[in-house]
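What follows is a set of notes on a single structure, which appears directly below.
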Amino acid sequence: METSIFSRWHRAVDEHRPVAIATVIAAEPGGPAVGAKILVGDEIDPMGSLGDADLDRVVIRDAIGELAGGRTGVRHYGPHGEAREESVSVFIESFAPPPQMLIFGAVDFTGALVRVAKVLGYRVTVCDAREVFATTRRFPQADEVVVDWPHRLLERVGDRLGPRDAVCVLTHDHKFDIPAIMAALATGVGYLGAMGSRRTNAERLDRLAEAGADMAAVQQRLNAPIGLDLGGRTPEETAIAICAEIIAARTGRPAASLSSTEGPIH
Amino acid sequence: MKEILADLDRWRAAGRRIVVARVVDIEGSGPRLPGAAMAVSEDGEVAGSVSGGCVEGAVVAEALDILATGDRRLVTFGYSDDEAFAVGLTCGGTVHLFLEPLDW
């Protein structure tokens with residue numbers, strides 16, 4: 001049986017591959033059929049047709065562009081893909097793979113952070129060099145549990161990290177922290193945070209400087225002590241404070257209560 | 001649509017017909033961005049959402065109508081609509097939905 005667009009899309013989503021679907025949502029008579037679809041994706045041949053080769057070509061090109069930018073929205077065309085015409089409306093929906101969170105340190109706080117990160121849709125990796133702690137039994141909701149030094153994991157996967165991804169250093173041990181933070185600073189990861197008391201953090205900054213870290217980059221990119229100042233104490237409350245800080249870092253908001261501010265919410 | 005995949009799989013496995021509603025555009029304030037999706041099965045089960053709960057009831061009615069007629073359509077809910085679309089978003093925004101059977 002020939003694969004449907006839905007099945008092909010389903011498979012791409014399951015495999016965490018970027019994929020986009022373009023759907024004709026409105027057209028004047030004589031134009032493409034409403035509901036006609038084209039699927040595009042990374043390493044996937046375009047599939048489907050809107051019924052006109054020229055329109056197909058333009059929509060495939062635009063859908064690939066929208067997918068690369070992670071955008072979803074409506075674009076307008078003429079019946080043969082003409083720009084600056086409006087008779088055909090096409091909804092292009094991008095399905096990006098889930099963002100990644102790497103959590104270094106298999107401690108009590110890690111389990112709670114894994115759970116909250118899963119709620120937010122992250123693909124979560126827990127990494128710790130101590131194999132008695134880094135077990136799937138302790139972190140059943142993690143997508144992956146890696147027994148290794150954090151900086152070695154980053155050497156392997158660091159080039160895959162981008163603006164939507166997060167690295168959270170919870171080890172509390174300079175021996176692991178310093179190389180992990182140095183390695184994370186060398187990636188394009190959007191959020192980098194490290195846990196520890198004010199005192200631990202002051203020591204950590206000294207050691208980063210000694211190790212030759214770019215302290216301007218540390219100042220700009222390292223969120224330490226990690227998390228928003230919500231005043232919570234439990235691992236779960238701390239996990240919320242960390243994830244709230246990640247969201248605020250992405251949106252650039254000051255993370256105040258809406259009741260104390262004015263202006264648009266979104 | 002990814003968020004409702006488990007429900008879509010379950011309904012498809014049971015051979016139920018399905019209508020999917022997707023947010024394609026919003027104007028002004030709106031709780032859900034383009035791409036937010038909701039699905040309705042032929043026996044009236046619902047998965048996902050397309051607003052903060054303001055228009056979901058009306059979407060179910062539209063979806064059941066689409067199951068009967070088989071057509072695909074754009075539906076707009078919003079503050080500025082006339083009486084024909086009396087259901088609105090309390091936030092004052094406008095949301096454009098595309099509804100179609102999951103037959104592709």
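Chain labels follow the order of the structure tokens: the first chain is A, the next B, and so on; residue numbering restarts at 1 in every chain, and ligands are counted from 1 in their shown order.
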Handout entry: Exercise answer, chain A residues close to chain B, 9 Å and only C-alpha atoms, as a ChimeraX atom specification
Key = /A:4-7,10,13,25-26,34-37,72-74,91-95,264-266
Problem - Pairwise distance for CA of Gln100 in chain A and CA of Thr251 in chain A, rounded to one decimal in Å - result: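 A separation of 17.4 Å between them.
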Exercise for the section: Determine which residues of range 40-150 of chain A receive a DSSP assignment of strand (DSSP E), computed from the backbone, and state them as an NGL selection string. Expected result: :A and (40-41 or 44-48 or 73-77 or 88-95 or 100-104 or 123-128 or 144-147)
Exercise for the section: Considering only C-alpha atoms, return as a count of residues only whatever protein or nucleic-acid residues lie within 12 Å of Pro235 in chain A, sequence-local ones (same chain, fewer than 5 positions apart) excluded. Expected result: 16
Exercise for the section: Might you pull out every residue within 9 Å of Ala20 in chain A, with only C-alpha atoms counted and same-chain residues fewer than 2 positions away left off, and present them as a PyMOL selection string? Expected result: chain A and resi 9+18+22+38-41+63-64+66-67+72+92-96
Exercise for the section: With a distance cut-off of 6 Å and only C-alpha atoms, select the neighbouring residues of range 45-57 of chain B, excluding the residue or stretch itself and same-chain residues fewer than 4 positions from it, and output the selection as an MDAnalysis selection string. Expected result: chainID B and resid 4 31:32 36:41 89
Write to file, as a short mmCIF file (atom, residue, chain, number, x, y, z; two decimals), in the first residue's frame, the residues of the selection just made, with C-alpha atoms.
data_model
loop_
_atom_site.label_atom_id
_atom_site.label_comp_id
_atom_site.auth_asym_id
_atom_site.auth_seq_id
_atom_site.Cartn_x
_atom_site.Cartn_y
_atom_site.Cartn_z
CA ILE B 4 -2.42 14.71 19.98
CA PRO B 31 -3.73 31.90 23.85
CA ARG B 32 -2.58 29.39 21.23
CA ALA B 36 -2.15 24.36 17.83
CA ALA B 37 -4.45 21.46 17.01
CA MET B 38 -7.55 19.76 18.26
CA ALA B 39 -9.13 16.57 16.97
CA VAL B 40 -12.63 15.18 17.27
CA SER B 41 -13.50 11.53 16.70
CA LEU B 89 -12.63 34.69 22.44
#
Exercise for the section: Please run DSSP on the backbone and report, as an NGL selection string, all residues within chain B that come out as alpha helix (DSSP H). Expected result: :B and (5-13 or 56-69)
